[in-house]
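Undergrad: target.cif is reproduced in full below (mmCIF, N, CA and C atoms).
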```cif
data_upload
loop_
_atom_site.group_PDB
_atom_site.id
_atom_site.type_symbol
_atom_site.label_atom_id
_atom_site.label_comp_id
_atom_site.auth_asym_id
_atom_site.auth_seq_id
_atom_site.Cartn_x
_atom_site.Cartn_y
_atom_site.Cartn_z
ATOM 1 N N MET A 107 -25.469 103.098 253.754
ATOM 2 C CA MET A 107 -25.780 102.049 254.697
ATOM 3 C C MET A 107 -27.090 101.346 254.309
ATOM 4 N N LEU A 108 -28.065 102.124 253.893
ATOM 5 C CA LEU A 108 -29.333 101.521 253.478
ATOM 6 C C LEU A 108 -29.145 100.628 252.254
ATOM 7 N N ASP A 109 -28.269 101.032 251.341
ATOM 8 C CA ASP A 109 -27.991 100.196 250.174
ATOM 9 C C ASP A 109 -27.382 98.860 250.597
ATOM 10 N N PHE A 110 -26.489 98.906 251.571
ATOM 11 C CA PHE A 110 -25.859 97.679 252.053
ATOM 12 C C PHE A 110 -26.896 96.778 252.724
ATOM 13 N N LEU A 111 -27.768 97.338 253.543
ATOM 14 C CA LEU A 111 -28.820 96.539 254.170
ATOM 15 C C LEU A 111 -29.752 95.933 253.129
ATOM 16 N N ASP A 112 -30.069 96.699 252.104
ATOM 17 C CA ASP A 112 -30.870 96.151 250.999
ATOM 18 C C ASP A 112 -30.133 94.977 250.362
ATOM 19 N N TYR A 113 -28.829 95.155 250.129
ATOM 20 C CA TYR A 113 -28.005 94.106 249.524
ATOM 21 C C TYR A 113 -28.032 92.837 250.384
ATOM 22 N N MET A 114 -27.894 93.005 251.700
ATOM 23 C CA MET A 114 -27.897 91.852 252.612
ATOM 24 C C MET A 114 -29.252 91.146 252.588
ATOM 25 N N ASN A 115 -30.286 91.869 252.248
ATOM 26 C CA ASN A 115 -31.621 91.277 252.140
ATOM 27 C C ASN A 115 -31.935 90.791 250.730
ATOM 28 N N GLY A 116 -30.933 90.807 249.859
ATOM 29 C CA GLY A 116 -31.106 90.263 248.521
ATOM 30 C C GLY A 116 -31.567 91.249 247.475
ATOM 31 N N VAL A 117 -31.640 92.522 247.823
ATOM 32 C CA VAL A 117 -32.063 93.539 246.863
ATOM 33 C C VAL A 117 -30.813 94.155 246.242
ATOM 34 N N ILE A 118 -30.587 93.864 244.959
ATOM 35 C CA ILE A 118 -29.417 94.396 244.258
ATOM 36 C C ILE A 118 -29.941 95.281 243.136
ATOM 37 N N ASN A 119 -29.873 96.575 243.362
ATOM 38 C CA ASN A 119 -30.439 97.483 242.367
ATOM 39 C C ASN A 119 -29.486 98.628 242.005
ATOM 40 N N HIS A 120 -28.197 98.396 242.168
ATOM 41 C CA HIS A 120 -27.221 99.433 241.866
ATOM 42 C C HIS A 120 -26.202 98.892 240.866
ATOM 43 N N ALA A 121 -26.125 99.555 239.740
ATOM 44 C CA ALA A 121 -25.196 99.113 238.697
ATOM 45 C C ALA A 121 -23.792 99.640 238.926
ATOM 46 N N GLN A 122 -23.643 100.639 239.774
ATOM 47 C CA GLN A 122 -22.329 101.225 240.041
ATOM 48 C C GLN A 122 -22.211 101.514 241.537
ATOM 49 N N GLY A 123 -20.978 101.756 241.961
ATOM 50 C CA GLY A 123 -20.746 102.118 243.355
ATOM 51 C C GLY A 123 -20.306 100.935 244.194
ATOM 52 N N TYR A 124 -20.363 101.133 245.498
ATOM 53 C CA TYR A 124 -19.861 100.143 246.458
ATOM 54 C C TYR A 124 -20.569 98.801 246.327
ATOM 55 N N ILE A 125 -21.885 98.808 246.231
ATOM 56 C CA ILE A 125 -22.639 97.551 246.165
ATOM 57 C C ILE A 125 -22.308 96.791 244.882
ATOM 58 N N ALA A 126 -22.176 97.486 243.787
ATOM 59 C CA ALA A 126 -21.811 96.833 242.523
ATOM 60 C C ALA A 126 -20.411 96.234 242.623
ATOM 61 N N ASP A 127 -19.477 96.979 243.228
ATOM 62 C CA ASP A 127 -18.111 96.462 243.424
ATOM 63 C C ASP A 127 -18.107 95.252 244.346
ATOM 64 N N LEU A 128 -18.896 95.331 245.388
ATOM 65 C CA LEU A 128 -18.997 94.212 246.322
ATOM 66 C C LEU A 128 -19.519 92.962 245.612
ATOM 67 N N GLN A 129 -20.545 93.116 244.817
ATOM 68 C CA GLN A 129 -21.100 91.978 244.083
ATOM 69 C C GLN A 129 -20.084 91.411 243.103
ATOM 70 N N LYS A 130 -19.311 92.285 242.432
ATOM 71 C CA LYS A 130 -18.273 91.803 241.514
ATOM 72 C C LYS A 130 -17.216 90.997 242.261
ATOM 73 N N ASP A 131 -16.812 91.484 243.454
ATOM 74 C CA ASP A 131 -15.818 90.757 244.255
ATOM 75 C C ASP A 131 -16.359 89.401 244.691
ATOM 76 N N ILE A 132 -17.607 89.359 245.078
ATOM 77 C CA ILE A 132 -18.213 88.094 245.501
ATOM 78 C C ILE A 132 -18.313 87.137 244.322
ATOM 79 N N ASP A 133 -18.744 87.642 243.188
ATOM 80 C CA ASP A 133 -18.828 86.796 241.994
ATOM 81 C C ASP A 133 -17.458 86.233 241.629
ATOM 82 N N HIS A 134 -16.434 87.071 241.697
ATOM 83 C CA HIS A 134 -15.076 86.623 241.386
ATOM 84 C C HIS A 134 -14.642 85.526 242.362
ATOM 85 N N TYR A 135 -14.906 85.729 243.640
ATOM 86 C CA TYR A 135 -14.544 84.741 244.666
ATOM 87 C C TYR A 135 -15.249 83.412 244.407
ATOM 88 N N VAL A 136 -16.536 83.458 244.157
ATOM 89 C CA VAL A 136 -17.314 82.238 243.945
ATOM 90 C C VAL A 136 -16.849 81.522 242.680
ATOM 91 N N ASN A 137 -16.610 82.268 241.626
ATOM 92 C CA ASN A 137 -16.227 81.666 240.348
ATOM 93 C C ASN A 137 -14.766 81.253 240.280
ATOM 94 N N SER A 138 -13.937 81.711 241.206
ATOM 95 C CA SER A 138 -12.506 81.403 241.168
ATOM 96 C C SER A 138 -12.188 79.980 241.618
ATOM 97 N N GLY A 139 -13.099 79.331 242.275
ATOM 98 C CA GLY A 139 -12.822 77.990 242.788
ATOM 99 C C GLY A 139 -12.374 78.020 244.235
ATOM 100 N N LYS A 140 -11.929 79.163 244.716
ATOM 101 C CA LYS A 140 -11.517 79.270 246.116
ATOM 102 C C LYS A 140 -12.703 79.023 247.034
ATOM 103 N N TRP A 141 -13.872 79.455 246.596
ATOM 104 C CA TRP A 141 -15.073 79.250 247.396
ATOM 105 C C TRP A 141 -15.308 77.761 247.640
ATOM 106 N N VAL A 142 -15.134 76.944 246.615
ATOM 107 C CA VAL A 142 -15.317 75.506 246.749
ATOM 108 C C VAL A 142 -14.306 74.938 247.744
ATOM 109 N N ASP A 143 -13.053 75.369 247.642
ATOM 110 C CA ASP A 143 -12.022 74.911 248.586
ATOM 111 C C ASP A 143 -12.376 75.313 250.014
ATOM 112 N N ASP A 144 -12.818 76.555 250.179
ATOM 113 C CA ASP A 144 -13.178 77.030 251.514
ATOM 114 C C ASP A 144 -14.376 76.259 252.072
ATOM 115 N N MET A 145 -15.344 75.964 251.241
ATOM 116 C CA MET A 145 -16.511 75.195 251.691
ATOM 117 C C MET A 145 -16.106 73.765 252.055
ATOM 118 N N ASP A 146 -15.167 73.194 251.305
ATOM 119 C CA ASP A 146 -14.663 71.859 251.632
ATOM 120 C C ASP A 146 -13.953 71.876 252.982
ATOM 121 N N LYS A 147 -13.144 72.903 253.206
ATOM 122 C CA LYS A 147 -12.446 73.033 254.492
ATOM 123 C C LYS A 147 -13.441 73.201 255.630
ATOM 124 N N LEU A 148 -14.437 74.024 255.410
ATOM 125 C CA LEU A 148 -15.460 74.238 256.427
ATOM 126 C C LEU A 148 -16.216 72.946 256.724
ATOM 127 N N ALA A 149 -16.575 72.215 255.702
ATOM 128 C CA ALA A 149 -17.278 70.942 255.890
ATOM 129 C C ALA A 149 -16.408 69.967 256.679
ATOM 130 N N TYR A 150 -15.115 69.919 256.361
ATOM 131 C CA TYR A 150 -14.189 69.042 257.087
ATOM 132 C C TYR A 150 -14.124 69.425 258.560
ATOM 133 N N GLU A 151 -13.971 70.711 258.832
ATOM 134 C CA GLU A 151 -13.882 71.184 260.216
ATOM 135 C C GLU A 151 -15.167 70.891 260.982
ATOM 136 N N MET A 152 -16.302 71.115 260.343
ATOM 137 C CA MET A 152 -17.577 70.835 260.992
ATOM 138 C C MET A 152 -17.724 69.340 261.275
ATOM 139 N N ASN A 153 -17.253 68.513 260.368
ATOM 140 C CA ASN A 153 -17.286 67.071 260.563
ATOM 141 C C ASN A 153 -16.407 66.660 261.743
ATOM 142 N N GLN A 154 -15.232 67.270 261.854
ATOM 143 C CA GLN A 154 -14.338 66.965 262.968
ATOM 144 C C GLN A 154 -14.975 67.338 264.306
ATOM 145 N N VAL A 155 -15.633 68.486 264.345
ATOM 146 C CA VAL A 155 -16.321 68.913 265.562
ATOM 147 C C VAL A 155 -17.431 67.921 265.909
ATOM 148 N N ALA A 156 -18.175 67.480 264.914
ATOM 149 C CA ALA A 156 -19.254 66.521 265.144
ATOM 150 C C ALA A 156 -18.706 65.185 265.653
ATOM 151 N N ILE A 157 -17.599 64.750 265.102
ATOM 152 C CA ILE A 157 -16.984 63.492 265.542
ATOM 153 C C ILE A 157 -16.551 63.602 267.000
ATOM 154 N N LYS A 158 -15.897 64.710 267.355
ATOM 155 C CA LYS A 158 -15.454 64.896 268.742
ATOM 156 C C LYS A 158 -16.640 64.956 269.693
ATOM 157 N N ALA A 159 -17.708 65.614 269.291
ATOM 158 C CA ALA A 159 -18.899 65.697 270.133
ATOM 159 C C ALA A 159 -19.523 64.317 270.331
ATOM 160 N N ALA A 160 -19.561 63.538 269.272
ATOM 161 C CA ALA A 160 -20.118 62.186 269.364
ATOM 162 C C ALA A 160 -19.260 61.302 270.261
ATOM 163 N N GLU A 161 -17.950 61.429 270.141
ATOM 164 C CA GLU A 161 -17.050 60.651 270.988
ATOM 165 C C GLU A 161 -17.236 61.016 272.456
ATOM 166 N N LYS A 162 -17.361 62.307 272.723
ATOM 167 C CA LYS A 162 -17.557 62.757 274.099
ATOM 168 C C LYS A 162 -18.885 62.251 274.644
ATOM 169 N N ALA A 163 -19.938 62.318 273.842
ATOM 170 C CA ALA A 163 -21.249 61.836 274.272
ATOM 171 C C ALA A 163 -21.212 60.334 274.553
ATOM 172 N N THR A 164 -20.506 59.599 273.715
ATOM 173 C CA THR A 164 -20.381 58.159 273.912
ATOM 174 C C THR A 164 -19.629 57.857 275.198
ATOM 175 N N GLU A 165 -18.551 58.603 275.443
ATOM 176 C CA GLU A 165 -17.771 58.401 276.669
ATOM 177 C C GLU A 165 -18.617 58.715 277.903
ATOM 178 N N GLU A 166 -19.377 59.793 277.844
ATOM 179 C CA GLU A 166 -20.246 60.153 278.966
ATOM 180 C C GLU A 166 -21.310 59.081 279.192
ATOM 181 N N ALA A 167 -21.854 58.535 278.119
ATOM 182 C CA ALA A 167 -22.859 57.474 278.243
ATOM 183 C C ALA A 167 -22.256 56.224 278.883
ATOM 184 N N LYS A 168 -21.024 55.894 278.497
ATOM 185 C CA LYS A 168 -20.350 54.728 279.088
ATOM 186 C C LYS A 168 -20.127 54.946 280.580
ATOM 187 N N LYS A 169 -19.746 56.180 280.957
ATOM 188 C CA LYS A 169 -19.545 56.473 282.378
ATOM 189 C C LYS A 169 -20.854 56.337 283.150
ATOM 190 N N GLU A 170 -21.942 56.841 282.571
ATOM 191 C CA GLU A 170 -23.245 56.729 283.224
ATOM 192 C C GLU A 170 -23.657 55.262 283.368
ATOM 193 N N ASP A 171 -23.391 54.463 282.350
ATOM 194 C CA ASP A 171 -23.694 53.029 282.420
ATOM 195 C C ASP A 171 -22.861 52.355 283.504
ATOM 196 N N ALA A 172 -21.587 52.734 283.597
ATOM 197 C CA ALA A 172 -20.708 52.158 284.615
ATOM 198 C C ALA A 172 -21.193 52.547 286.013
ATOM 199 N N ILE A 173 -21.627 53.780 286.184
ATOM 200 C CA ILE A 173 -22.144 54.227 287.480
ATOM 201 C C ILE A 173 -23.394 53.426 287.853
ATOM 202 N N THR A 174 -24.256 53.188 286.892
ATOM 203 C CA THR A 174 -25.457 52.384 287.142
ATOM 204 C C THR A 174 -25.078 50.981 287.586
ATOM 205 N N LEU A 175 -24.081 50.400 286.938
ATOM 206 C CA LEU A 175 -23.611 49.070 287.320
ATOM 207 C C LEU A 175 -23.015 49.089 288.725
ATOM 208 N N ILE A 176 -22.224 50.094 289.027
ATOM 209 C CA ILE A 176 -21.614 50.218 290.364
ATOM 210 C C ILE A 176 -22.708 50.271 291.429
ATOM 211 N N GLN A 177 -23.717 51.078 291.198
ATOM 212 C CA GLN A 177 -24.795 51.229 292.175
ATOM 213 C C GLN A 177 -25.580 49.929 292.333
ATOM 214 N N ALA A 178 -25.802 49.222 291.234
ATOM 215 C CA ALA A 178 -26.522 47.945 291.311
ATOM 216 C C ALA A 178 -25.714 46.908 292.085
ATOM 217 N N LEU A 179 -24.415 46.846 291.827
ATOM 218 C CA LEU A 179 -23.562 45.884 292.526
ATOM 219 C C LEU A 179 -23.411 46.250 294.001
ATOM 220 N N LYS A 180 -23.433 47.518 294.287
ATOM 221 C CA LYS A 180 -23.342 47.980 295.679
ATOM 222 C C LYS A 180 -24.561 47.510 296.465
ATOM 223 N N GLN A 181 -25.724 47.487 295.819
ATOM 224 C CA GLN A 181 -26.949 47.079 296.500
ATOM 225 C C GLN A 181 -26.951 45.600 296.883
ATOM 226 N N VAL A 182 -26.126 44.804 296.225
ATOM 227 C CA VAL A 182 -26.031 43.379 296.602
ATOM 228 C C VAL A 182 -24.845 43.134 297.526
ATOM 229 N N ASP A 183 -24.384 44.209 298.149
ATOM 230 C CA ASP A 183 -23.349 44.153 299.197
ATOM 231 C C ASP A 183 -22.010 43.578 298.742
ATOM 232 N N LEU A 184 -21.608 43.898 297.540
ATOM 233 C CA LEU A 184 -20.268 43.504 297.103
ATOM 234 C C LEU A 184 -19.274 44.551 297.567
ATOM 235 N N SER A 185 -18.051 44.138 297.796
ATOM 236 C CA SER A 185 -17.014 45.080 298.234
ATOM 237 C C SER A 185 -16.610 45.982 297.069
ATOM 238 N N SER A 186 -16.005 47.100 297.384
ATOM 239 C CA SER A 186 -15.578 48.029 296.335
ATOM 240 C C SER A 186 -14.534 47.390 295.423
ATOM 241 N N GLU A 187 -13.718 46.506 295.990
ATOM 242 C CA GLU A 187 -12.700 45.827 295.178
ATOM 243 C C GLU A 187 -13.349 44.895 294.146
ATOM 244 N N VAL A 188 -14.359 44.159 294.573
ATOM 245 C CA VAL A 188 -15.062 43.246 293.670
ATOM 246 C C VAL A 188 -15.810 44.047 292.606
ATOM 247 N N ILE A 189 -16.443 45.126 293.037
ATOM 248 C CA ILE A 189 -17.162 45.977 292.087
ATOM 249 C C ILE A 189 -16.189 46.549 291.067
ATOM 250 N N PHE A 190 -15.036 47.005 291.523
ATOM 251 C CA PHE A 190 -14.023 47.533 290.606
ATOM 252 C C PHE A 190 -13.665 46.486 289.561
ATOM 253 N N GLU A 191 -13.417 45.257 289.982
ATOM 254 C CA GLU A 191 -13.035 44.193 289.048
ATOM 255 C C GLU A 191 -14.147 43.902 288.038
ATOM 256 N N LYS A 192 -15.385 43.880 288.507
ATOM 257 C CA LYS A 192 -16.500 43.591 287.606
ATOM 258 C C LYS A 192 -16.722 44.731 286.602
ATOM 259 N N VAL A 193 -16.622 45.954 287.066
ATOM 260 C CA VAL A 193 -16.794 47.093 286.171
ATOM 261 C C VAL A 193 -15.618 47.172 285.196
ATOM 262 N N LEU A 194 -14.428 46.912 285.698
ATOM 263 C CA LEU A 194 -13.246 46.904 284.829
ATOM 264 C C LEU A 194 -13.418 45.871 283.726
ATOM 265 N N HIS A 195 -13.890 44.702 284.092
ATOM 266 C CA HIS A 195 -14.100 43.641 283.100
ATOM 267 C C HIS A 195 -15.141 44.056 282.045
ATOM 268 N N SER A 196 -16.178 44.757 282.491
ATOM 269 C CA SER A 196 -17.255 45.153 281.580
ATOM 270 C C SER A 196 -16.908 46.353 280.707
ATOM 271 N N TYR A 197 -16.070 47.251 281.226
ATOM 272 C CA TYR A 197 -15.826 48.520 280.522
ATOM 273 C C TYR A 197 -14.357 48.781 280.190
ATOM 274 N N GLU A 198 -13.522 47.759 280.242
ATOM 275 C CA GLU A 198 -12.095 47.974 280.016
ATOM 276 C C GLU A 198 -11.781 48.472 278.602
ATOM 277 N N ASP A 199 -12.657 48.206 277.656
ATOM 278 C CA ASP A 199 -12.424 48.692 276.292
ATOM 279 C C ASP A 199 -12.844 50.149 276.116
ATOM 280 N N ASP A 200 -13.651 50.649 277.053
ATOM 281 C CA ASP A 200 -14.209 51.985 276.908
ATOM 282 C C ASP A 200 -13.645 53.007 277.897
ATOM 283 N N LEU A 201 -13.276 52.555 279.074
ATOM 284 C CA LEU A 201 -12.789 53.455 280.124
ATOM 285 C C LEU A 201 -11.464 52.934 280.663
ATOM 286 N N SER A 202 -10.606 53.857 281.069
ATOM 287 C CA SER A 202 -9.317 53.440 281.629
ATOM 288 C C SER A 202 -9.519 52.897 283.041
ATOM 289 N N SER A 203 -8.536 52.169 283.499
ATOM 290 C CA SER A 203 -8.576 51.621 284.849
ATOM 291 C C SER A 203 -8.700 52.740 285.886
ATOM 292 N N ASP A 204 -7.982 53.832 285.664
ATOM 293 C CA ASP A 204 -8.047 54.967 286.591
ATOM 294 C C ASP A 204 -9.431 55.607 286.601
ATOM 295 N N GLU A 205 -10.055 55.719 285.425
ATOM 296 C CA GLU A 205 -11.405 56.282 285.362
ATOM 297 C C GLU A 205 -12.392 55.402 286.122
ATOM 298 N N ILE A 206 -12.259 54.104 285.939
ATOM 299 C CA ILE A 206 -13.158 53.174 286.615
ATOM 300 C C ILE A 206 -12.939 53.226 288.121
ATOM 301 N N LYS A 207 -11.681 53.271 288.542
ATOM 302 C CA LYS A 207 -11.366 53.358 289.972
ATOM 303 C C LYS A 207 -11.988 54.614 290.580
ATOM 304 N N LYS A 208 -11.878 55.720 289.874
ATOM 305 C CA LYS A 208 -12.453 56.977 290.349
ATOM 306 C C LYS A 208 -13.972 56.874 290.435
ATOM 307 N N LEU A 209 -14.608 56.285 289.429
ATOM 308 C CA LEU A 209 -16.058 56.119 289.452
ATOM 309 C C LEU A 209 -16.518 55.252 290.624
ATOM 310 N N VAL A 210 -15.769 54.191 290.900
ATOM 311 C CA VAL A 210 -16.109 53.310 292.024
ATOM 312 C C VAL A 210 -15.969 54.077 293.337
ATOM 313 N N GLU A 211 -14.878 54.823 293.465
ATOM 314 C CA GLU A 211 -14.660 55.596 294.701
ATOM 315 C C GLU A 211 -15.758 56.636 294.911
ATOM 316 N N GLU A 212 -16.180 57.295 293.836
ATOM 317 C CA GLU A 212 -17.185 58.345 293.939
ATOM 318 C C GLU A 212 -18.588 57.813 294.155
ATOM 319 N N ASN A 213 -18.838 56.583 293.729
ATOM 320 C CA ASN A 213 -20.212 56.069 293.753
ATOM 321 C C ASN A 213 -20.416 54.867 294.658
ATOM 322 N N TYR A 214 -19.391 54.483 295.403
ATOM 323 C CA TYR A 214 -19.545 53.331 296.313
ATOM 324 C C TYR A 214 -20.022 53.793 297.664
#
```
Show me the file's structure as structure tokens.
TA:
Amino acid sequence: MLDFLDYMNGVINHAQGYIADLQKDIDHYVNSGKWVDDMDKLAYEMNQVAIKAAEKATEEAKKEDAITLIQALKQVDLSSEVIFEKVLHSYEDDLSSDEIKKLVEENY
């Protein structure tokens, strides 16, 4: 166990045994090209996660902006129907009609 912990800390001082076999297996994996494929797959997956997170953050920001607009229009005594139409016009490319209707209902 101590040899393995040394290995994990970068200390490789065994020419034979489990640690030597482990290093040979790792070297074979890295040199086989499979490592490159696996790293490419990992990079792709991480990129997909980042894209989804960015999309979600953008959607949340649009909702917050729409809520701010709803509250501002409410302060000038517009009806909920008029506010819905104005918010729909401003955010129809970013939010669905149902999402906007729900936001107006929740924040009017």
Undergrad: Just give me the gap between atom N of A:Met107 and atom N of A:Asp131 in Å, one decimal is fine.
TA: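 Computed distance, atom N of A:Met107 to atom N of A:Asp131, equals 17.8 Å.
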Undergrad: Using Å and a single decimal, report how far atom C of A:Glu205 sits from atom C of A:Leu179.
TA: 16.3 Å
Undergrad: Report as a tab-separated table (two decimals) with N, CA and C atoms, in the frame of the given file the residues that result from applying the PyMOL selection byres (((chain A and resi 212 and name CA) around 12) and name CA) to the structure here.
TA:
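This is the output file out11.tsv:
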```tsv
chain	number	residue	atom	x	y	z
A	169	LYS	N	-19.75	56.18	280.96
A	169	LYS	CA	-19.55	56.47	282.38
A	169	LYS	C	-20.85	56.34	283.15
A	172	ALA	N	-21.59	52.73	283.60
A	172	ALA	CA	-20.71	52.16	284.62
A	172	ALA	C	-21.19	52.55	286.01
A	173	ILE	N	-21.63	53.78	286.18
A	173	ILE	CA	-22.14	54.23	287.48
A	173	ILE	C	-23.39	53.43	287.85
A	176	ILE	N	-22.22	50.09	289.03
A	176	ILE	CA	-21.61	50.22	290.36
A	176	ILE	C	-22.71	50.27	291.43
A	177	GLN	N	-23.72	51.08	291.20
A	177	GLN	CA	-24.80	51.23	292.18
A	177	GLN	C	-25.58	49.93	292.33
A	186	SER	N	-16.00	47.10	297.38
A	186	SER	CA	-15.58	48.03	296.33
A	186	SER	C	-14.53	47.39	295.42
A	190	PHE	N	-15.04	47.00	291.52
A	190	PHE	CA	-14.02	47.53	290.61
A	190	PHE	C	-13.66	46.49	289.56
A	205	GLU	N	-10.06	55.72	285.42
A	205	GLU	CA	-11.40	56.28	285.36
A	205	GLU	C	-12.39	55.40	286.12
A	206	ILE	N	-12.26	54.10	285.94
A	206	ILE	CA	-13.16	53.17	286.62
A	206	ILE	C	-12.94	53.23	288.12
A	207	LYS	N	-11.68	53.27	288.54
A	207	LYS	CA	-11.37	53.36	289.97
A	207	LYS	C	-11.99	54.61	290.58
A	208	LYS	N	-11.88	55.72	289.87
A	208	LYS	CA	-12.45	56.98	290.35
A	208	LYS	C	-13.97	56.87	290.44
A	209	LEU	N	-14.61	56.28	289.43
A	209	LEU	CA	-16.06	56.12	289.45
A	209	LEU	C	-16.52	55.25	290.62
A	210	VAL	N	-15.77	54.19	290.90
A	210	VAL	CA	-16.11	53.31	292.02
A	210	VAL	C	-15.97	54.08	293.34
A	211	GLU	N	-14.88	54.82	293.46
A	211	GLU	CA	-14.66	55.60	294.70
A	211	GLU	C	-15.76	56.64	294.91
A	213	ASN	N	-18.84	56.58	293.73
A	213	ASN	CA	-20.21	56.07	293.75
A	213	ASN	C	-20.42	54.87	294.66
A	214	TYR	N	-19.39	54.48	295.40
A	214	TYR	CA	-19.55	53.33	296.31
A	214	TYR	C	-20.02	53.79	297.66
```
Undergrad: Work out how far atom CA of A:Met152 is from atom CA of A:Thr164, in Å to one decimal.
TA: 18.3 Å
Undergrad: Using the chain letters and numbers from this document, which residues of chain A does DSSP assign to helix (DSSP H, G or I), as a ChimeraX atom specification?
TA: /A:108-114,124-137,140-181,186-197,203-213
Undergrad: Compare A:Tyr197, A:Leu184, A:Leu108, A:Ala149 by their minimum atom-to-atom distance to A:Lys168, counting only C-alpha atoms, and give me the closest one.
TA: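 The answer is A:Tyr197, which sits nearest to A:Lys168.
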Undergrad: Got a sec: who's within 8 Å of stretch 120-128 of chain A, counting all atoms listed in the file, leaving out chain neighbours fewer than 6 positions off, as a list in words?
TA: Asp109, Phe110, Tyr113 and His134 of chain A
Undergrad: Kindly save the residues from that selection, with N, CA and C atoms included, as a PDB file, in the frame of the given file.
TA:
```pdb
ATOM      1  N   ASP A 109     -28.269 101.032 251.341  1.00  0.00           N
ATOM      2  CA  ASP A 109     -27.991 100.196 250.174  1.00  0.00           C
ATOM      3  C   ASP A 109     -27.382  98.860 250.597  1.00  0.00           C
ATOM      4  N   PHE A 110     -26.489  98.906 251.571  1.00  0.00           N
ATOM      5  CA  PHE A 110     -25.859  97.679 252.053  1.00  0.00           C
ATOM      6  C   PHE A 110     -26.896  96.778 252.724  1.00  0.00           C
ATOM      7  N   TYR A 113     -28.829  95.155 250.129  1.00  0.00           N
ATOM      8  CA  TYR A 113     -28.005  94.106 249.524  1.00  0.00           C
ATOM      9  C   TYR A 113     -28.032  92.837 250.384  1.00  0.00           C
ATOM     10  N   HIS A 134     -16.434  87.071 241.697  1.00  0.00           N
ATOM     11  CA  HIS A 134     -15.076  86.623 241.386  1.00  0.00           C
ATOM     12  C   HIS A 134     -14.642  85.526 242.362  1.00  0.00           C
TER      13      HIS A 134
END
```
Undergrad: Restricting the calculation to only C-alpha atoms, which member of A:Met145, A:Val117, A:Leu175, A:Ala156 is positioned closest to A:Ser196?
TA: A:Leu175
Undergrad: Given the choices A:Leu201, A:Val182, A:Asp133, A:His195, which gets closest to A:Glu165 if the distance is worked out from all atoms listed in the file?
TA: A:Leu201
